[in-house]
>>> print(open('work.cif').read())   # mmCIF, C-alpha atoms
data_upload
#
loop_
_atom_site.group_PDB
_atom_site.id
_atom_site.type_symbol
_atom_site.label_atom_id
_atom_site.label_comp_id
_atom_site.auth_asym_id
_atom_site.auth_seq_id
_atom_site.Cartn_x
_atom_site.Cartn_y
_atom_site.Cartn_z
ATOM 1 C CA MET Q 1 12.912 -36.737 24.442
ATOM 2 C CA ARG Q 2 9.979 -34.286 24.430
ATOM 3 C CA LEU Q 3 12.232 -31.522 25.774
ATOM 4 C CA LEU Q 4 14.709 -32.116 22.948
ATOM 5 C CA VAL Q 5 11.903 -31.939 20.349
ATOM 6 C CA SER Q 6 10.501 -28.698 21.807
ATOM 7 C CA VAL Q 7 13.977 -27.098 21.943
ATOM 8 C CA ARG Q 8 14.586 -28.168 18.341
ATOM 9 C CA THR Q 9 11.163 -26.804 17.326
ATOM 10 C CA ALA Q 10 11.856 -23.505 19.078
ATOM 11 C CA ALA Q 11 15.255 -23.195 17.370
ATOM 12 C CA ILE Q 12 13.768 -23.899 13.945
ATOM 13 C CA GLY Q 13 10.986 -21.394 14.627
ATOM 14 C CA ALA Q 14 13.518 -18.733 15.619
ATOM 15 C CA LEU Q 15 15.585 -19.365 12.478
ATOM 16 C CA LEU Q 16 12.489 -19.176 10.290
ATOM 17 C CA GLY Q 17 11.509 -15.910 12.008
ATOM 18 C CA LEU Q 18 14.938 -14.422 11.270
ATOM 19 C CA LEU Q 19 14.697 -15.602 7.680
ATOM 20 C CA VAL Q 20 11.269 -13.983 7.243
ATOM 21 C CA ILE Q 21 12.538 -10.703 8.730
ATOM 22 C CA GLY Q 22 15.483 -10.811 6.322
ATOM 23 C CA LEU Q 23 13.123 -11.278 3.384
ATOM 24 C CA LEU Q 24 10.816 -8.368 4.254
ATOM 25 C CA PRO Q 25 10.935 -5.466 1.815
ATOM 26 C CA PRO Q 26 13.401 -2.743 2.786
ATOM 27 C CA THR Q 27 10.692 -0.066 2.970
ATOM 28 C CA ALA Q 28 10.342 -0.636 6.707
ATOM 29 C CA LEU Q 29 14.032 0.229 7.082
ATOM 30 C CA ALA Q 30 13.993 3.226 4.726
ATOM 31 C CA HIS Q 31 13.730 5.773 7.515
ATOM 32 C CA GLU Q 32 16.464 7.493 9.451
ATOM 33 C CA ARG Q 33 16.249 6.967 13.187
ATOM 34 C CA ARG Q 34 17.756 9.462 15.607
ATOM 35 C CA ASP Q 35 17.608 10.131 19.340
ATOM 36 C CA VAL Q 36 16.840 13.756 20.173
ATOM 37 C CA GLY Q 37 17.056 14.197 23.925
ATOM 38 C CA LYS Q 38 14.618 11.734 25.468
ATOM 39 C CA TYR Q 39 12.751 11.389 22.148
ATOM 40 C CA SER Q 40 13.285 9.064 19.214
ATOM 41 C CA PHE Q 41 12.637 10.340 15.679
ATOM 42 C CA ALA Q 42 12.037 8.147 12.621
ATOM 43 C CA VAL Q 43 12.056 10.247 9.433
ATOM 44 C CA GLY Q 44 11.669 9.432 5.751
ATOM 45 C CA PHE Q 45 9.223 9.522 2.888
ATOM 46 C CA ASN Q 46 5.718 8.325 3.726
ATOM 47 C CA GLY Q 47 5.614 6.202 0.570
ATOM 48 C CA GLU Q 48 8.743 4.214 -0.248
ATOM 49 C CA PRO Q 49 10.154 4.170 -2.777
ATOM 50 C CA ALA Q 50 9.449 7.845 -3.494
ATOM 51 C CA TYR Q 51 8.977 8.653 -7.191
ATOM 52 C CA GLN Q 52 9.308 11.973 -8.976
ATOM 53 C CA GLY Q 53 5.936 13.542 -9.772
ATOM 54 C CA GLN Q 54 3.980 11.206 -7.479
ATOM 55 C CA PRO Q 55 2.158 12.452 -4.345
ATOM 56 C CA ASN Q 56 4.118 11.654 -1.188
ATOM 57 C CA ALA Q 57 4.950 13.228 2.177
ATOM 58 C CA ALA Q 58 7.754 13.872 4.627
ATOM 59 C CA LEU Q 59 7.026 11.528 7.547
ATOM 60 C CA ILE Q 60 8.179 11.972 11.145
ATOM 61 C CA THR Q 61 7.307 9.588 13.956
ATOM 62 C CA VAL Q 62 8.117 10.706 17.506
ATOM 63 C CA THR Q 63 8.240 8.336 20.481
ATOM 64 C CA VAL Q 64 9.710 8.253 23.984
ATOM 65 C CA PRO Q 65 11.777 5.045 24.264
ATOM 66 C CA SER Q 66 12.194 5.332 28.055
ATOM 67 C CA GLU Q 67 8.400 5.230 28.450
ATOM 68 C CA ASP Q 68 7.726 1.972 26.576
ATOM 69 C CA ALA Q 69 8.029 3.770 23.205
ATOM 70 C CA ARG Q 70 5.132 6.072 24.048
ATOM 71 C CA PRO Q 71 3.997 7.917 20.892
ATOM 72 C CA VAL Q 72 4.065 11.701 21.284
ATOM 73 C CA GLU Q 73 0.756 13.142 20.165
ATOM 74 C CA GLY Q 74 -0.370 16.710 19.482
ATOM 75 C CA LEU Q 75 2.696 17.842 17.489
ATOM 76 C CA ALA Q 76 0.998 18.871 14.234
ATOM 77 C CA ASP Q 77 0.897 22.498 15.381
ATOM 78 C CA ALA Q 78 3.972 22.367 17.651
ATOM 79 C CA LEU Q 79 6.457 21.442 14.909
ATOM 80 C CA LYS Q 80 7.279 23.231 11.668
ATOM 81 C CA ALA Q 81 8.336 21.148 8.649
ATOM 82 C CA THR Q 82 10.446 22.545 5.808
ATOM 83 C CA ILE Q 83 11.607 20.704 2.702
ATOM 84 C CA ALA Q 84 14.516 21.652 0.426
ATOM 85 C CA PHE Q 85 16.004 20.229 -2.763
ATOM 86 C CA GLY Q 86 19.340 20.684 -4.518
ATOM 87 C CA GLY Q 87 20.672 23.577 -2.466
ATOM 88 C CA GLY Q 88 17.524 25.598 -3.111
ATOM 89 C CA PRO Q 89 15.613 27.504 -0.457
ATOM 90 C CA PRO Q 90 13.411 25.436 1.857
ATOM 91 C CA LYS Q 91 9.635 25.611 1.649
ATOM 92 C CA GLU Q 92 7.394 25.208 4.678
ATOM 93 C CA PHE Q 93 4.675 22.545 4.619
ATOM 94 C CA LYS Q 94 1.874 21.987 7.142
ATOM 95 C CA LEU Q 95 2.192 18.888 9.317
ATOM 96 C CA ARG Q 96 -0.856 16.752 9.983
ATOM 97 C CA ALA Q 97 -1.344 13.736 12.239
ATOM 98 C CA VAL Q 98 -1.586 10.334 10.519
ATOM 99 C CA PHE Q 99 -4.927 8.676 11.279
ATOM 100 C CA GLY Q 100 -4.525 5.413 13.190
ATOM 101 C CA ARG Q 101 -0.790 5.926 13.836
ATOM 102 C CA PRO Q 102 -0.238 7.804 17.106
ATOM 103 C CA GLY Q 103 2.969 9.865 17.105
ATOM 104 C CA ALA Q 104 3.202 9.918 13.276
ATOM 105 C CA TYR Q 105 2.927 13.155 11.262
ATOM 106 C CA VAL Q 106 3.222 13.943 7.558
ATOM 107 C CA ALA Q 107 3.832 17.034 5.453
ATOM 108 C CA ASP Q 108 2.169 16.279 2.105
ATOM 109 C CA PHE Q 109 3.955 17.331 -1.110
ATOM 110 C CA ILE Q 110 4.775 16.126 -4.625
ATOM 111 C CA PRO Q 111 8.533 15.784 -5.238
ATOM 112 C CA THR Q 112 9.017 17.230 -8.731
ATOM 113 C CA ARG Q 113 12.699 16.326 -9.131
ATOM 114 C CA ALA Q 114 14.587 13.068 -8.630
ATOM 115 C CA GLY Q 115 17.462 13.234 -6.130
ATOM 116 C CA ALA Q 116 18.227 14.161 -2.530
ATOM 117 C CA TYR Q 117 15.772 16.039 -0.318
ATOM 118 C CA ILE Q 118 16.296 17.716 3.058
ATOM 119 C CA PHE Q 119 13.588 17.648 5.727
ATOM 120 C CA ASN Q 120 13.898 19.993 8.707
ATOM 121 C CA PHE Q 121 11.662 19.810 11.771
ATOM 122 C CA SER Q 122 11.755 22.617 14.318
ATOM 123 C CA GLY Q 123 9.654 23.779 17.241
ATOM 124 C CA ALA Q 124 9.033 22.262 20.662
ATOM 125 C CA ILE Q 125 8.066 18.793 21.851
ATOM 126 C CA GLU Q 126 6.486 18.821 25.295
ATOM 127 C CA GLY Q 127 8.429 22.015 26.031
ATOM 128 C CA THR Q 128 11.764 20.728 24.677
ATOM 129 C CA PRO Q 129 13.086 22.828 21.763
ATOM 130 C CA VAL Q 130 14.090 20.858 18.647
ATOM 131 C CA ASN Q 131 15.635 21.774 15.303
ATOM 132 C CA GLU Q 132 16.649 18.648 13.393
ATOM 133 C CA ARG Q 133 17.793 18.317 9.763
ATOM 134 C CA PHE Q 134 17.431 15.017 7.869
ATOM 135 C CA GLU Q 135 18.890 14.523 4.383
ATOM 136 C CA SER Q 136 18.040 11.613 2.111
ATOM 137 C CA GLY Q 137 20.871 9.469 0.792
ATOM 138 C CA PRO Q 138 22.899 6.323 1.498
ATOM 139 C CA GLY Q 139 22.668 5.167 5.100
ATOM 140 C CA ARG Q 140 19.744 7.504 5.791
ATOM 141 C CA PHE Q 141 16.425 7.394 3.936
ATOM 142 C CA ASN Q 142 16.012 6.899 0.190
ATOM 143 C CA ASN Q 143 16.312 9.657 -2.414
ATOM 144 C CA VAL Q 144 13.444 10.356 -4.793
ATOM 145 C CA GLU Q 145 13.738 8.122 -7.852
ATOM 146 C CA SER Q 146 12.973 9.001 -11.461
ATOM 147 C CA VAL Q 147 9.581 7.716 -12.522
ATOM 148 C CA GLU Q 148 11.013 6.727 -15.919
ATOM 149 C CA ALA Q 149 12.492 3.560 -14.376
ATOM 150 C CA ILE Q 150 9.012 2.106 -13.809
ATOM 151 C CA GLN Q 151 7.163 3.463 -16.844
ATOM 152 C CA PHE Q 152 6.047 0.955 -19.453
ATOM 153 C CA PRO Q 153 5.830 0.470 -22.397
ATOM 154 C CA GLU Q 154 7.622 3.766 -23.020
ATOM 155 C CA ALA Q 155 9.179 6.291 -20.663
ATOM 156 C CA ILE Q 156 7.672 9.771 -20.736
ATOM 157 C CA PRO Q 157 9.759 12.581 -19.236
ATOM 158 C CA PRO Q 158 8.047 14.486 -16.438
ATOM 159 C CA GLY Q 159 6.346 17.735 -17.457
ATOM 160 C CA ASN Q 160 8.734 19.907 -15.463
ATOM 161 C CA ASP Q 161 11.710 18.394 -17.351
ATOM 162 C CA VAL Q 162 10.016 19.134 -20.681
ATOM 163 C CA ALA Q 163 9.314 22.730 -19.595
ATOM 164 C CA ARG Q 164 12.926 23.200 -18.465
ATOM 165 C CA ILE Q 165 14.239 21.890 -21.817
ATOM 166 C CA ALA Q 166 11.814 24.164 -23.722
ATOM 167 C CA ARG Q 167 12.943 27.233 -21.719
ATOM 168 C CA ALA Q 168 16.604 26.432 -22.432
ATOM 169 C CA ALA Q 169 15.870 26.032 -26.165
ATOM 170 C CA ASP Q 170 13.978 29.352 -26.194
ATOM 171 C CA ASP Q 171 16.902 31.084 -24.462
ATOM 172 C CA ARG Q 172 19.341 29.687 -27.039
ATOM 173 C CA ALA Q 173 17.081 30.768 -29.923
ATOM 174 C CA THR Q 174 16.817 34.297 -28.497
ATOM 175 C CA ALA Q 175 20.595 34.508 -28.092
ATOM 176 C CA ALA Q 176 21.108 33.328 -31.682
ATOM 177 C CA TRP Q 177 18.588 35.888 -32.992
ATOM 178 C CA VAL Q 178 20.327 38.721 -31.125
ATOM 179 C CA CYS Q 179 23.768 37.612 -32.379
ATOM 180 C CA TRP Q 180 22.519 37.400 -35.973
ATOM 181 C CA HIS Q 181 20.946 40.871 -35.817
ATOM 182 C CA LEU Q 182 24.019 42.401 -34.219
ATOM 183 C CA SER Q 183 26.241 40.964 -36.934
ATOM 184 C CA SER Q 184 24.028 42.060 -39.849
ATOM 185 C CA PRO Q 185 24.893 45.558 -41.179
ATOM 186 C CA SER Q 186 21.288 46.214 -42.238
ATOM 187 C CA SER Q 187 19.842 45.248 -38.848
ATOM 188 C CA PRO Q 188 17.910 47.983 -37.028
ATOM 189 C CA LEU Q 189 19.726 46.801 -33.877
ATOM 190 C CA VAL Q 190 23.135 47.931 -35.220
ATOM 191 C CA TRP Q 191 24.110 51.489 -34.408
ATOM 192 C CA GLN Q 192 25.243 53.427 -37.466
#
>>> encode(input="work.cif", output="structure tokens")
Amino acid sequence: MRLLVSVRTAAIGALLGLLVIGLLPPTALAHERRDVGKYSFAVGFNGEPAYQGQPNAALITVTVPSEDARPVEGLADALKATIAFGGGPPKEFKLRAVFGRPGAYVADFIPTRAGAYIFNFSGAIEGTPVNERFESGPGRFNNVESVEAIQFPEAIPPGNDVARIARAADDRATAAWVCWHLSSPSSPLVWQ
């Protein structure tokens, strides 16, 4: 009878454990995992979800699964991190080790646009050359989200969006001014 009770208790405990794991926030799963030779990479944003205009970082964690998931330390100077957005040119950011998390490194930056980002890590790990590209998106790690979704009581567009709109309006006003002057017979811009 006692054996039956302990088996039943163990089964209920296992089911509750699975239920708790299923209810955990998805941030722990918001990183892309990839095997690179004997190494395992986990890459994503340091803070999930990542919001436009909010300080964040590209995070890479490097371990060796065949050695009891040994964290690989000393990579801050051995790896180069670049970040790109929207087909634009990549920009290099300095990697630094994360205090208290062996094998974890971040490249601090502020994502100024919502959407997909590309992280590239290149260099050598314990003498093994690496050059790996990670792109945010479905099935990988999360894109940067617009901050407007969480603003309250009113949404305020990010400053870079306002500047971009102002530049476009200025360009249109300049074009209209030039067109008006070119069409006016008394304009000093018209050749007589």
>>> resolve_selection(input="work.cif", expression="the PyMOL selection byres ((chain Q and resi 70-79) around 9)", output="list in words")
Tyr39, Thr61, Val62, Thr63, Val64, Pro65, Ser66, Glu67, Asp68, Ala69, Lys80, Ala81, Lys94, Leu95, Arg96, Ala97, Arg101, Pro102, Gly103, Ala104, Tyr105, Val106, Phe121, Ser122, Gly123, Ala124, Ile125, Glu126 and Val130 of chain Q
>>> resolve_selection(input="work.cif", expression="the PyMOL selection byres ((chain Q and resi 110-120) around 9)", output="CSV table (one decimal) with C-alpha atoms, in the frame of the given file")
chain,number,residue,atom,x,y,z
Q,43,VAL,CA,12.1,10.2,9.4
Q,44,GLY,CA,11.7,9.4,5.8
Q,50,ALA,CA,9.4,7.8,-3.5
Q,51,TYR,CA,9.0,8.7,-7.2
Q,52,GLN,CA,9.3,12.0,-9.0
Q,53,GLY,CA,5.9,13.5,-9.8
Q,54,GLN,CA,4.0,11.2,-7.5
Q,55,PRO,CA,2.2,12.5,-4.3
Q,56,ASN,CA,4.1,11.7,-1.2
Q,57,ALA,CA,5.0,13.2,2.2
Q,58,ALA,CA,7.8,13.9,4.6
Q,80,LYS,CA,7.3,23.2,11.7
Q,81,ALA,CA,8.3,21.1,8.6
Q,82,THR,CA,10.4,22.5,5.8
Q,83,ILE,CA,11.6,20.7,2.7
Q,84,ALA,CA,14.5,21.7,0.4
Q,85,PHE,CA,16.0,20.2,-2.8
Q,86,GLY,CA,19.3,20.7,-4.5
Q,90,PRO,CA,13.4,25.4,1.9
Q,108,ASP,CA,2.2,16.3,2.1
Q,109,PHE,CA,4.0,17.3,-1.1
Q,121,PHE,CA,11.7,19.8,11.8
Q,122,SER,CA,11.8,22.6,14.3
Q,131,ASN,CA,15.6,21.8,15.3
Q,132,GLU,CA,16.6,18.6,13.4
Q,133,ARG,CA,17.8,18.3,9.8
Q,134,PHE,CA,17.4,15.0,7.9
Q,135,GLU,CA,18.9,14.5,4.4
Q,136,SER,CA,18.0,11.6,2.1
Q,137,GLY,CA,20.9,9.5,0.8
Q,142,ASN,CA,16.0,6.9,0.2
Q,143,ASN,CA,16.3,9.7,-2.4
Q,144,VAL,CA,13.4,10.4,-4.8
Q,145,GLU,CA,13.7,8.1,-7.9
Q,146,SER,CA,13.0,9.0,-11.5
Q,147,VAL,CA,9.6,7.7,-12.5
Q,158,PRO,CA,8.0,14.5,-16.4
Q,160,ASN,CA,8.7,19.9,-15.5
Q,161,ASP,CA,11.7,18.4,-17.4
>>> atom_distance(input="work.cif", atom1="CA of Lys91 in chain Q", atom2="CA of Ala107 in chain Q")
11.0 Å
>>> atom_distance(input="work.cif", atom1="CA of Gly37 in chain Q", atom2="CA of Glu92 in chain Q")
24.2 Å
>>> axis_aligned_box(input="work.cif", around="range 29-48 of chain Q", padding_each_side="5 Å", output="AutoDock Vina command-line options")
--center_x 11.7 --center_y 7.2 --center_z 12.6 --size_x 22.1 --size_y 24.0 --size_z 35.7
>>> atom_distance(input="work.cif", atom1="CA of Ile60 in chain Q", atom2="CA of Phe41 in chain Q")
6.6 Å
>>> decode(input="work.cif", residues="range 81-133 of chain Q", atoms="C-alpha atoms", output="short mmCIF file (atom, residue, chain, number, x, y, z; two decimals), in the first residue's frame")
data_model
loop_
_atom_site.label_atom_id
_atom_site.label_comp_id
_atom_site.auth_asym_id
_atom_site.auth_seq_id
_atom_site.Cartn_x
_atom_site.Cartn_y
_atom_site.Cartn_z
CA ALA Q 81 30.14 40.94 -32.20
CA THR Q 82 28.40 42.87 -34.98
CA ILE Q 83 24.76 43.92 -35.10
CA ALA Q 84 22.74 44.86 -38.19
CA PHE Q 85 19.19 46.03 -38.83
CA GLY Q 86 16.99 46.16 -41.93
CA GLY Q 87 19.63 45.33 -44.52
CA GLY Q 88 21.87 48.12 -43.27
CA PRO Q 89 25.58 47.77 -42.63
CA PRO Q 90 26.59 45.98 -39.43
CA LYS Q 91 28.15 47.86 -36.53
CA GLU Q 92 30.72 46.29 -34.23
CA PHE Q 93 30.07 46.29 -30.48
CA LYS Q 94 32.45 45.29 -27.68
CA LEU Q 95 31.64 42.03 -25.89
CA ARG Q 96 31.92 41.85 -22.12
CA ALA Q 97 31.55 38.92 -19.73
CA VAL Q 98 28.33 38.79 -17.67
CA PHE Q 99 29.11 38.88 -13.95
CA GLY Q 100 27.99 35.72 -12.16
CA ARG Q 101 27.18 33.84 -15.38
CA PRO Q 102 30.23 31.94 -16.64
CA GLY Q 103 30.25 31.50 -20.43
CA ALA Q 104 27.79 34.39 -21.00
CA TYR Q 105 28.77 37.56 -22.89
CA VAL Q 106 26.85 40.67 -23.93
CA ALA Q 107 27.31 43.46 -26.45
CA ASP Q 108 25.41 46.42 -24.98
CA PHE Q 109 23.35 48.63 -27.33
CA ILE Q 110 20.01 50.44 -27.59
CA PRO Q 111 17.83 49.13 -30.45
CA THR Q 112 16.40 52.29 -32.01
CA ARG Q 113 14.01 50.59 -34.46
CA ALA Q 114 11.39 47.88 -33.98
CA GLY Q 115 11.86 44.78 -36.15
CA ALA Q 116 14.41 42.09 -36.98
CA TYR Q 117 18.05 42.30 -35.93
CA ILE Q 118 21.05 40.24 -37.03
CA PHE Q 119 23.81 39.31 -34.58
CA ASN Q 120 27.09 37.95 -35.95
CA PHE Q 121 29.82 36.46 -33.78
CA SER Q 122 33.23 35.75 -35.28
CA GLY Q 123 36.70 34.93 -34.03
CA ALA Q 124 38.10 31.85 -32.31
CA ILE Q 125 36.97 29.74 -29.37
CA GLU Q 126 39.80 27.77 -27.81
CA GLY Q 127 41.55 27.84 -31.19
CA THR Q 128 38.46 26.85 -33.22
CA PRO Q 129 37.47 29.50 -35.79
CA VAL Q 130 33.80 30.57 -35.71
CA ASN Q 131 31.67 32.91 -37.79
CA GLU Q 132 27.99 32.51 -36.92
CA ARG Q 133 25.02 34.68 -37.97
#
